[in-house]
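Participant: Provided herewith is a single structure, encoded as structure tokens, for subsequent inquiry.
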Protein chains: 2
Amino acid sequence: MSPGAKRVTIREVADAAGVSQAAVSYALRGINVSEETQERVRKVAADLGYEANPIARALASGRTGTVGILGPSLEDLWQQRFAAEAGRVLLARDHFALIVDPGGDPDRQRMLATQLRDQQVDGLIVSPVNPSDEFWTEIAKALPVVSIGDALAGASVVGEVLFDNGTGVARALEHLHGLGHRRIAVLRRPGSPTTDRPAEVFVGAEADRLGLDVLVLTAPYELGQATAAAREMLSTDRTPTAAFCFSDSIAYGVYAAARELGLTIPRDLSVVGYDNHPMSAVLAPRLTTFDWRSDWLVEKAVDMVVEAIGRRRPQRRRFVIEPDLHEGGSTAPPRSSE
Amino acid sequence: MSPGAKRVTIREVADAAGVSQAAVSYALRGINVSEETQERVRKVAADLGYEANPIARALASGRTGTVGILGPSLEDLWQQRFAAEAGRVLLARDHFALIVDPGGDPDRQRMLATQLRDQQVDGLIVSPVNPSDEFWTEIAKALPVVSIGDALAGASVVGEVLFDNGTGVARALEHLHGLGHRRIAVLRRPGSPTTDRPAEVFVGAEADRLGLDVLVLTAPYELGQATAAAREMLSTDRTPTAAFCFSDSIAYGVYAAARELGLTIPRDLSVVGYDNHPMSAVLAPRLTTFDWRSDWLVEKAVDMVVEAIGRRRPQRRRFVIEPDLHEGGSTAPPRSSE
DNA sequence: TCGTTTCAGTGAAACGGTTCAACAAGGCCT
DNA sequence: AGGCCTTGTTGAACCGTTTCACTGAAACGA
């Protein structure tokens with residue numbers, strides 16, 4: 001702060017109003033003092049242009065009015081949107097959002113979580129890459145944590161918003177199976193062993209049940225790289241007739257790769273996404289994808305964390321969101337069975 | 001903070017190491033103390049698991065290690081991306097990003113700027129809706145401000161990254177004119193009178209020069225609403241043959257509206273964007289748009305603000321970015337002249 | 001040898017709030 | 001009338017750092 005006019009402090013207000021600084025502190029928060037004192041102090045404070053210093057307040061009270069937002073990677077469009085939306089809702093609840101980006105690296109995500117805790121954020125909204133880790137339990141000891149996406153198995157978080165991935169996977173594969181697809185690629189995000197659960201377990205079980213030939217691949221977060229991964233998938237000799245993507249962003253990469261290779265969606269390749277990002281309605285054909293009620297979800301997550309802030313024994317809450325298949329035009333029977 | 005193990009303070013480290021707390025403070029920052037003391041203190045601090053409290057540090061030093069990011073609206077995909085990228089770069093420079101969203105409201109943007117200043121952010125990166133306002137000069141007095149997009153005419157900001165909108169508009173309209181388009185819609189963002197400069201002045205001048213019939217419209221930030229605006233534009237009796245959008249996000253709305261109305265791009269409608277967002281390469285046809293070197297831009301902006309933090313008399317810098325037309329397949333001669 | 005610089009390290013004063021313990025003045029009850 | 005609770009207000013401790021002013025000792029030059 002180079003120039004910066006000196007700010008008015010609470011002490012100056014107290015002097016000007018002829019009361020103690022404690023009285024000013026109370027008066028401005030409307031507690032412990034009489035109506036008339038409150039009014040007088042408010043007037044003086046306004047005249048002097050007093051604004052409480054949030055830093056000093058944070059040091060004294062232990063509250064910063066800030067909530068951390070921590071996903072796996074902001075390269076993903078859905079996560080970008082989630083973070084932006086969470087910031088908006090938090091603002092409406094008188095909090096600031098501290099949005100940080102591990103860029104897809106699980107270790108970095110942990111490092112950032114620690115740093116946020118040390119930064120004294122009041123709460124944390126996180127989509128953990130490594131959910132069942134006791135690391136998160138440790139973090140949750142220091143501040144209210146709301147987790148999005150996967151269960152924090154052992155962690156004592158204050159709130160959870162879970163996607164019913166089992167049902168999601170089943171619906172997606174059933175849908176494709178019903179259209180006649182037998183050889184299907186499943187594109188998931190890079191992550192740690194625990195994130196693989198939906199991909200490995202659910203997909204495996206479902207594939208067995210339906211008698212599908214499933215190929216599980218990993219697509220990086222960055223769109224260009226995801227496109228490259230999709231390109232590779234489509235360049236083998238026995239290419240799948242359909243791709244199920246664990247994120248709309250991945251599906252966009254598939255669209256780009258398909259176009260490059262001269263494949264038409266859905267004639268040559270069916271695609272299913274997972275987020276219902278607004279862009280999915282812009283693509284031609286519209287992407288068939290799962291809606292998880294993002295707006296509602298964000299609001300729930302923010303409400304849970306804000307409500308828990310300050311409570312010494314907040315009640316735990318958990319929401320499970322059921323997938324809602326939005327059929328676009330990106331799926332059709334495979335060519336061979338036409 | 002409900003449970004939260006008590007954190008180790010600098011005093012405890014001082015006692016354990018047998019030095020004063022001042023010595024610890026200096027030692028950990030590697031100044032004013034001997035090598036051996038530094039080492040001893042570091043060891044003790046590590047053993048005790050000491051982590052400096054950022055809040056206390058901020059109060060004492062006046063630095064928070066935080067930079068505010070403030071655009072017009074995070075509904076816009078380019079701005080979402082900008083904010084995410086800025087957060088990433090800041091992290092690499094040991095700073096946190098405080099990303100806030102005015103949701104397209106100019107007044108709200110001002111309010112948030114004030115709030116960020118009061119929150120003691122060390123610096124601010126802003127795309128002002130109302131650039132020439134003296135309000136920003138006032139803000140810039142208190143902390144280093146880097147502005148993106150339009151000149152902050154009278155404001156004494158520490159850094160500027162300017163888009164050469166005059167050239168951008170000229171290129172876009174020349175390109176469309178060259179293809180044979182005469183009736184062109186220009187879609188800009190909602191904003192205040194000052195933001196209208198590129199739209200009104202540049203577009204007006206260029207239209208006169210080229211003899212174009214130009215229709216300037218406003219498209220909201222939210223994709224659905226932008227789509228509605230585009231739909232309306234395409235539903236009049238004398239619809240334009242081309243649309244020049246002041247943001248790729250708007251262009252996406254145009255794509256969606258065109259598809260709904262059964263219009264094919266570029267046969268029935270040519271579209272030009274303005275950001276070269278990654279999604280523009282996914283669309284079919286690829287969007288013809290202007291590249292402004294986002295990554296480089298973000299890095300420059302962050303570097304300028306970080307460098308200015310702490311300097312009492314930082315040197316002012318300014319970059320002007322020239323538009324780089326990326327031709328996709330979204331422009332072609334109008335139907336009538338085929 | 002003496003006075004003057006350096007160097008390491010210290011104690012205490014900020015920074016600007018919140019909150020606790022104490023107290024005075026009324027009002028109420030018995 | 002005396003004791004007790006309630007209400008309004010205050011002084012001071014506290015939050016955990018940074019930083020300023022200062023000291024004692026060692027190093028140095030003349």
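Note on naming: chains are A, B, ... as they come in the structure tokens, residues start from 1 per chain, ligands start from 1 in the order shown.
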Contacts from chain D to chain B, 6 Å maximum, only C-alpha atoms (C1' of nucleotides): show me the residue list as a list in words.
Facilitator: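 Listing them in order of chain and number gives DG16, DT17 and DT18 of chain D.
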Participant: Among range 192-231 of chain B, which residues does DSSP mark as helix (DSSP H, G or I) when it is run on the backbone? Keep the chain and numbering as in the structure and answer as a ChimeraX atom specification.
Facilitator: /B:193-210,223-231
Participant: Limited to N, CA and C atoms, could you put the picked residues into a file as a short mmCIF file (atom, residue, chain, number, x, y, z; two decimals), in the first residue's frame?
Facilitator:
```
data_model
loop_
_atom_site.label_atom_id
_atom_site.label_comp_id
_atom_site.auth_asym_id
_atom_site.auth_seq_id
_atom_site.Cartn_x
_atom_site.Cartn_y
_atom_site.Cartn_z
N PRO B 193 -22.27 3.60 -20.30
CA PRO B 193 -21.96 4.41 -21.47
C PRO B 193 -20.51 4.27 -21.95
N THR B 194 -19.59 4.21 -21.02
CA THR B 194 -18.18 4.18 -21.42
C THR B 194 -17.78 2.91 -22.16
N THR B 195 -18.39 1.81 -21.79
CA THR B 195 -18.05 0.57 -22.47
C THR B 195 -18.57 0.57 -23.89
N ASP B 196 -19.49 1.47 -24.14
CA ASP B 196 -20.08 1.47 -25.47
C ASP B 196 -19.13 2.03 -26.50
N ARG B 197 -18.04 2.60 -26.04
CA ARG B 197 -17.12 3.21 -26.98
C ARG B 197 -16.75 2.29 -28.13
N PRO B 198 -16.20 1.11 -27.83
CA PRO B 198 -15.84 0.27 -28.96
C PRO B 198 -17.02 -0.01 -29.87
N ALA B 199 -18.14 -0.32 -29.25
CA ALA B 199 -19.33 -0.64 -30.04
C ALA B 199 -19.79 0.57 -30.84
N GLU B 200 -20.01 1.66 -30.16
CA GLU B 200 -20.60 2.81 -30.83
C GLU B 200 -19.62 3.53 -31.75
N VAL B 201 -18.51 3.94 -31.18
CA VAL B 201 -17.58 4.76 -31.97
C VAL B 201 -16.88 3.96 -33.06
N PHE B 202 -16.15 2.96 -32.66
CA PHE B 202 -15.39 2.18 -33.65
C PHE B 202 -16.31 1.57 -34.70
N VAL B 203 -17.35 0.93 -34.22
CA VAL B 203 -18.26 0.28 -35.16
C VAL B 203 -18.90 1.31 -36.08
N GLY B 204 -19.33 2.41 -35.50
CA GLY B 204 -19.97 3.45 -36.30
C GLY B 204 -19.03 3.95 -37.40
N ALA B 205 -17.81 4.28 -37.01
CA ALA B 205 -16.84 4.80 -37.97
C ALA B 205 -16.57 3.79 -39.08
N GLU B 206 -16.37 2.58 -38.66
CA GLU B 206 -16.02 1.53 -39.61
C GLU B 206 -17.19 1.26 -40.57
N ALA B 207 -18.39 1.30 -40.01
CA ALA B 207 -19.57 1.06 -40.83
C ALA B 207 -19.70 2.15 -41.90
N ASP B 208 -19.46 3.36 -41.48
CA ASP B 208 -19.52 4.47 -42.43
C ASP B 208 -18.49 4.27 -43.53
N ARG B 209 -17.29 3.95 -43.13
CA ARG B 209 -16.19 3.80 -44.08
C ARG B 209 -16.49 2.72 -45.12
N LEU B 210 -17.03 1.61 -44.62
CA LEU B 210 -17.25 0.49 -45.53
C LEU B 210 -18.65 0.50 -46.14
N LEU B 223 -25.65 -17.36 -20.69
CA LEU B 223 -25.74 -17.99 -22.00
C LEU B 223 -27.17 -18.14 -22.50
N GLY B 224 -28.05 -18.55 -21.62
CA GLY B 224 -29.44 -18.73 -22.03
C GLY B 224 -30.06 -17.43 -22.50
N GLN B 225 -29.78 -16.36 -21.77
CA GLN B 225 -30.33 -15.06 -22.16
C GLN B 225 -29.69 -14.54 -23.43
N ALA B 226 -28.39 -14.81 -23.58
CA ALA B 226 -27.71 -14.39 -24.80
C ALA B 226 -28.32 -15.11 -26.00
N THR B 227 -28.63 -16.38 -25.78
CA THR B 227 -29.27 -17.15 -26.83
C THR B 227 -30.61 -16.53 -27.21
N ALA B 228 -31.36 -16.13 -26.20
CA ALA B 228 -32.65 -15.50 -26.45
C ALA B 228 -32.47 -14.21 -27.25
N ALA B 229 -31.47 -13.43 -26.90
CA ALA B 229 -31.23 -12.18 -27.62
C ALA B 229 -30.89 -12.48 -29.08
N ALA B 230 -30.08 -13.51 -29.28
CA ALA B 230 -29.71 -13.89 -30.64
C ALA B 230 -30.92 -14.39 -31.42
N ARG B 231 -31.75 -15.12 -30.72
CA ARG B 231 -32.97 -15.65 -31.35
C ARG B 231 -33.83 -14.50 -31.86
#
```
Participant: Please return, as a PDB file with C-alpha atoms (C1' of nucleotides), in the first residue's frame, all residues of chain C lying within 6 Å of chain A when only C-alpha atoms (C1' of nucleotides) are considered.
Facilitator:
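Dumped everything to part_20.pdb:
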```pdb
ATOM      1  C1'  DG C  16      -7.146  -2.603  15.114  1.00  0.00           C
ATOM      2  C1'  DG C  17     -10.287  -4.993  16.497  1.00  0.00           C
ATOM      3  C1'  DT C  18     -13.210  -8.487  20.190  1.00  0.00           C
TER       4       DT C  18
END
```
Participant: Enter the distance from CA of Ala332 in chain A to CA of Cys245 in chain A, in Å, rounded to one decimal.
Facilitator: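 Calculated distance between CA of Ala332 in chain A and CA of Cys245 in chain A is 15.9 Å.
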Participant: Check every residue of chain B for an atom within 7 Å of chain A, counting only C-alpha atoms, and provide those that qualify as a PyMOL selection string.
Facilitator: chain B and resi 1-4+53-56+58-59+74+80+84+87-88+97-101+118-119+141-143+252+255-256+282-283+310+312
Participant: Hey, can you spit out that residue selection with C-alpha atoms as a PDB file, in the first residue's frame?
Facilitator:
```
ATOM      1  CA  MET B   1     -13.534 -23.192  14.219  1.00  0.00           C
ATOM      2  CA  SER B   2     -15.218 -25.671  16.472  1.00  0.00           C
ATOM      3  CA  PRO B   3     -12.582 -28.045  17.810  1.00  0.00           C
ATOM      4  CA  GLY B   4      -9.301 -27.009  16.223  1.00  0.00           C
ATOM      5  CA  ASN B  53      -0.480 -17.174  11.320  1.00  0.00           C
ATOM      6  CA  PRO B  54      -1.220 -15.258   8.118  1.00  0.00           C
ATOM      7  CA  ILE B  55      -3.853 -13.103   9.770  1.00  0.00           C
ATOM      8  CA  ALA B  56      -1.583 -11.830  12.499  1.00  0.00           C
ATOM      9  CA  ALA B  58      -1.275  -9.335   7.792  1.00  0.00           C
ATOM     10  CA  LEU B  59      -2.311  -7.130  10.654  1.00  0.00           C
ATOM     11  CA  LEU B  74     -18.240 -14.632 -14.393  1.00  0.00           C
ATOM     12  CA  GLN B  80     -14.248 -17.597 -16.003  1.00  0.00           C
ATOM     13  CA  ALA B  84      -9.105 -19.486 -13.080  1.00  0.00           C
ATOM     14  CA  GLY B  87      -5.570 -17.856  -9.693  1.00  0.00           C
ATOM     15  CA  ARG B  88      -3.173 -20.467 -10.935  1.00  0.00           C
ATOM     16  CA  ALA B  97      -6.660 -15.022  -5.615  1.00  0.00           C
ATOM     17  CA  LEU B  98      -9.852 -13.567  -4.242  1.00  0.00           C
ATOM     18  CA  ILE B  99     -12.243 -14.003  -7.133  1.00  0.00           C
ATOM     19  CA  VAL B 100     -15.474 -12.072  -6.903  1.00  0.00           C
ATOM     20  CA  ASP B 101     -18.327 -11.664  -9.309  1.00  0.00           C
ATOM     21  CA  ASP B 118     -11.215  -2.838   2.732  1.00  0.00           C
ATOM     22  CA  GLN B 119     -10.437  -6.536   2.879  1.00  0.00           C
ATOM     23  CA  LYS B 141      -4.567   5.249  -4.459  1.00  0.00           C
ATOM     24  CA  ALA B 142      -4.854   2.542  -1.878  1.00  0.00           C
ATOM     25  CA  LEU B 143      -3.358  -0.393  -3.737  1.00  0.00           C
ATOM     26  CA  TYR B 252     -22.088 -19.519 -28.600  1.00  0.00           C
ATOM     27  CA  TYR B 255     -24.819 -20.789 -32.579  1.00  0.00           C
ATOM     28  CA  ALA B 256     -27.524 -22.143 -30.301  1.00  0.00           C
ATOM     29  CA  VAL B 282     -14.820 -27.587 -30.528  1.00  0.00           C
ATOM     30  CA  LEU B 283     -17.812 -26.117 -32.259  1.00  0.00           C
ATOM     31  CA  GLY B 310       5.439  -3.575  -1.828  1.00  0.00           C
ATOM     32  CA  ARG B 312       6.363   2.419  -2.904  1.00  0.00           C
TER      33      ARG B 312
END
```
Participant: What does the distance between CA of Ser235 in chain B and CA of Asp248 in chain B come to in Å, to one decimal place?
Facilitator: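 Computing the Euclidean distance for CA of Ser235 in chain B and CA of Asp248 in chain B yields 21.2 Å.
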Participant: Do you have the CA of Arg171 in chain A-CA of Phe290 in chain A distance handy?
Facilitator: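 Interatomic distance, CA of Arg171 in chain A to CA of Phe290 in chain A: 9.4 Å.
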Participant: Might you pull out every residue within 12 Å of DA21 in chain D, with only C-alpha atoms (C1' of nucleotides) counted and same-chain residues fewer than 4 positions away left off, and present them as a PyMOL selection string?
Facilitator: chain C and resi 10-13
Participant: Can you list, as a VMD selection string, every residue of range 76-228 of chain A that DSSP puts in strand (DSSP E)?
Facilitator: chain A and resid 96 to 100 123 to 126 145 to 149 159 to 163 183 to 188 213 to 218
Participant: Deliver the residues from the most recent selection as a file, using N, CA and C atoms, as a PDB file, in the first residue's frame.
Facilitator:
```
ATOM      1  N   PHE A  96     -16.619 -14.173   1.383  1.00  0.00           N
ATOM      2  CA  PHE A  96     -15.802 -14.158   0.187  1.00  0.00           C
ATOM      3  C   PHE A  96     -15.369 -15.565  -0.160  1.00  0.00           C
ATOM      4  N   ALA A  97     -15.135 -15.790  -1.446  1.00  0.00           N
ATOM      5  CA  ALA A  97     -14.661 -17.102  -1.889  1.00  0.00           C
ATOM      6  C   ALA A  97     -13.181 -17.021  -2.205  1.00  0.00           C
ATOM      7  N   LEU A  98     -12.432 -17.941  -1.675  1.00  0.00           N
ATOM      8  CA  LEU A  98     -11.026 -18.043  -1.997  1.00  0.00           C
ATOM      9  C   LEU A  98     -10.907 -19.261  -2.903  1.00  0.00           C
ATOM     10  N   ILE A  99     -10.795 -18.992  -4.204  1.00  0.00           N
ATOM     11  CA  ILE A  99     -10.824 -20.080  -5.164  1.00  0.00           C
ATOM     12  C   ILE A  99      -9.406 -20.457  -5.564  1.00  0.00           C
ATOM     13  N   VAL A 100      -9.029 -21.676  -5.308  1.00  0.00           N
ATOM     14  CA  VAL A 100      -7.681 -22.095  -5.649  1.00  0.00           C
ATOM     15  C   VAL A 100      -7.718 -23.328  -6.538  1.00  0.00           C
ATOM     16  N   GLY A 123     -14.379 -21.827   6.274  1.00  0.00           N
ATOM     17  CA  GLY A 123     -14.950 -23.090   5.843  1.00  0.00           C
ATOM     18  C   GLY A 123     -14.340 -23.502   4.518  1.00  0.00           C
ATOM     19  N   LEU A 124     -14.658 -24.716   4.112  1.00  0.00           N
ATOM     20  CA  LEU A 124     -14.050 -25.227   2.896  1.00  0.00           C
ATOM     21  C   LEU A 124     -15.051 -26.068   2.117  1.00  0.00           C
ATOM     22  N   ILE A 125     -15.138 -25.789   0.822  1.00  0.00           N
ATOM     23  CA  ILE A 125     -15.952 -26.626  -0.054  1.00  0.00           C
ATOM     24  C   ILE A 125     -14.988 -27.327  -0.988  1.00  0.00           C
ATOM     25  N   VAL A 126     -14.990 -28.638  -0.941  1.00  0.00           N
ATOM     26  CA  VAL A 126     -13.964 -29.367  -1.675  1.00  0.00           C
ATOM     27  C   VAL A 126     -14.521 -30.573  -2.414  1.00  0.00           C
ATOM     28  N   VAL A 145     -16.075 -28.529   6.754  1.00  0.00           N
ATOM     29  CA  VAL A 145     -15.782 -28.920   5.386  1.00  0.00           C
ATOM     30  C   VAL A 145     -17.026 -29.511   4.752  1.00  0.00           C
ATOM     31  N   VAL A 146     -17.313 -29.063   3.553  1.00  0.00           N
ATOM     32  CA  VAL A 146     -18.403 -29.676   2.795  1.00  0.00           C
ATOM     33  C   VAL A 146     -17.777 -30.333   1.583  1.00  0.00           C
ATOM     34  N   SER A 147     -18.078 -31.589   1.383  1.00  0.00           N
ATOM     35  CA  SER A 147     -17.460 -32.279   0.256  1.00  0.00           C
ATOM     36  C   SER A 147     -18.469 -32.531  -0.851  1.00  0.00           C
ATOM     37  N   ILE A 148     -17.978 -32.432  -2.064  1.00  0.00           N
ATOM     38  CA  ILE A 148     -18.823 -32.594  -3.229  1.00  0.00           C
ATOM     39  C   ILE A 148     -18.359 -33.801  -4.020  1.00  0.00           C
ATOM     40  N   GLY A 149     -19.288 -34.579  -4.470  1.00  0.00           N
ATOM     41  CA  GLY A 149     -18.935 -35.591  -5.454  1.00  0.00           C
ATOM     42  C   GLY A 149     -18.820 -36.999  -4.930  1.00  0.00           C
ATOM     43  N   GLY A 159     -20.783 -31.595   5.913  1.00  0.00           N
ATOM     44  CA  GLY A 159     -21.796 -31.767   4.896  1.00  0.00           C
ATOM     45  C   GLY A 159     -21.279 -32.515   3.689  1.00  0.00           C
ATOM     46  N   GLU A 160     -22.157 -33.221   3.050  1.00  0.00           N
ATOM     47  CA  GLU A 160     -21.770 -33.954   1.852  1.00  0.00           C
ATOM     48  C   GLU A 160     -22.835 -33.792   0.784  1.00  0.00           C
ATOM     49  N   VAL A 161     -22.394 -33.581  -0.438  1.00  0.00           N
ATOM     50  CA  VAL A 161     -23.309 -33.632  -1.566  1.00  0.00           C
ATOM     51  C   VAL A 161     -22.765 -34.730  -2.466  1.00  0.00           C
ATOM     52  N   LEU A 162     -23.502 -35.810  -2.550  1.00  0.00           N
ATOM     53  CA  LEU A 162     -22.992 -36.966  -3.278  1.00  0.00           C
ATOM     54  C   LEU A 162     -23.709 -37.176  -4.599  1.00  0.00           C
ATOM     55  N   PHE A 163     -22.952 -37.496  -5.596  1.00  0.00           N
ATOM     56  CA  PHE A 163     -23.552 -37.907  -6.855  1.00  0.00           C
ATOM     57  C   PHE A 163     -23.769 -39.407  -6.773  1.00  0.00           C
ATOM     58  N   ARG A 183     -19.402 -52.212 -27.843  1.00  0.00           N
ATOM     59  CA  ARG A 183     -18.013 -51.822 -27.543  1.00  0.00           C
ATOM     60  C   ARG A 183     -18.011 -50.336 -27.178  1.00  0.00           C
ATOM     61  N   ILE A 184     -17.780 -50.061 -25.918  1.00  0.00           N
ATOM     62  CA  ILE A 184     -17.935 -48.698 -25.402  1.00  0.00           C
ATOM     63  C   ILE A 184     -16.671 -48.232 -24.688  1.00  0.00           C
ATOM     64  N   ALA A 185     -16.272 -46.987 -24.984  1.00  0.00           N
ATOM     65  CA  ALA A 185     -15.138 -46.406 -24.264  1.00  0.00           C
ATOM     66  C   ALA A 185     -15.667 -45.593 -23.093  1.00  0.00           C
ATOM     67  N   VAL A 186     -15.023 -45.733 -21.936  1.00  0.00           N
ATOM     68  CA  VAL A 186     -15.374 -44.910 -20.786  1.00  0.00           C
ATOM     69  C   VAL A 186     -14.190 -44.012 -20.504  1.00  0.00           C
ATOM     70  N   LEU A 187     -14.426 -42.703 -20.550  1.00  0.00           N
ATOM     71  CA  LEU A 187     -13.341 -41.752 -20.340  1.00  0.00           C
ATOM     72  C   LEU A 187     -13.490 -41.105 -18.984  1.00  0.00           C
ATOM     73  N   ARG A 188     -12.489 -41.309 -18.158  1.00  0.00           N
ATOM     74  CA  ARG A 188     -12.571 -40.731 -16.823  1.00  0.00           C
ATOM     75  C   ARG A 188     -11.444 -39.733 -16.619  1.00  0.00           C
ATOM     76  N   ASP A 213     -18.350 -54.753 -23.934  1.00  0.00           N
ATOM     77  CA  ASP A 213     -16.906 -54.731 -24.102  1.00  0.00           C
ATOM     78  C   ASP A 213     -16.467 -53.300 -23.792  1.00  0.00           C
ATOM     79  N   VAL A 214     -16.015 -53.090 -22.570  1.00  0.00           N
ATOM     80  CA  VAL A 214     -15.722 -51.727 -22.134  1.00  0.00           C
ATOM     81  C   VAL A 214     -14.232 -51.449 -22.036  1.00  0.00           C
ATOM     82  N   LEU A 215     -13.867 -50.267 -22.475  1.00  0.00           N
ATOM     83  CA  LEU A 215     -12.468 -49.846 -22.483  1.00  0.00           C
ATOM     84  C   LEU A 215     -12.371 -48.576 -21.643  1.00  0.00           C
ATOM     85  N   VAL A 216     -11.702 -48.648 -20.493  1.00  0.00           N
ATOM     86  CA  VAL A 216     -11.609 -47.474 -19.620  1.00  0.00           C
ATOM     87  C   VAL A 216     -10.333 -46.696 -19.904  1.00  0.00           C
ATOM     88  N   LEU A 217     -10.495 -45.429 -20.208  1.00  0.00           N
ATOM     89  CA  LEU A 217      -9.350 -44.580 -20.527  1.00  0.00           C
ATOM     90  C   LEU A 217      -9.347 -43.347 -19.636  1.00  0.00           C
ATOM     91  N   THR A 218      -8.209 -42.686 -19.595  1.00  0.00           N
ATOM     92  CA  THR A 218      -8.097 -41.472 -18.788  1.00  0.00           C
ATOM     93  C   THR A 218      -7.876 -40.262 -19.682  1.00  0.00           C
TER      94      THR A 218
END
```
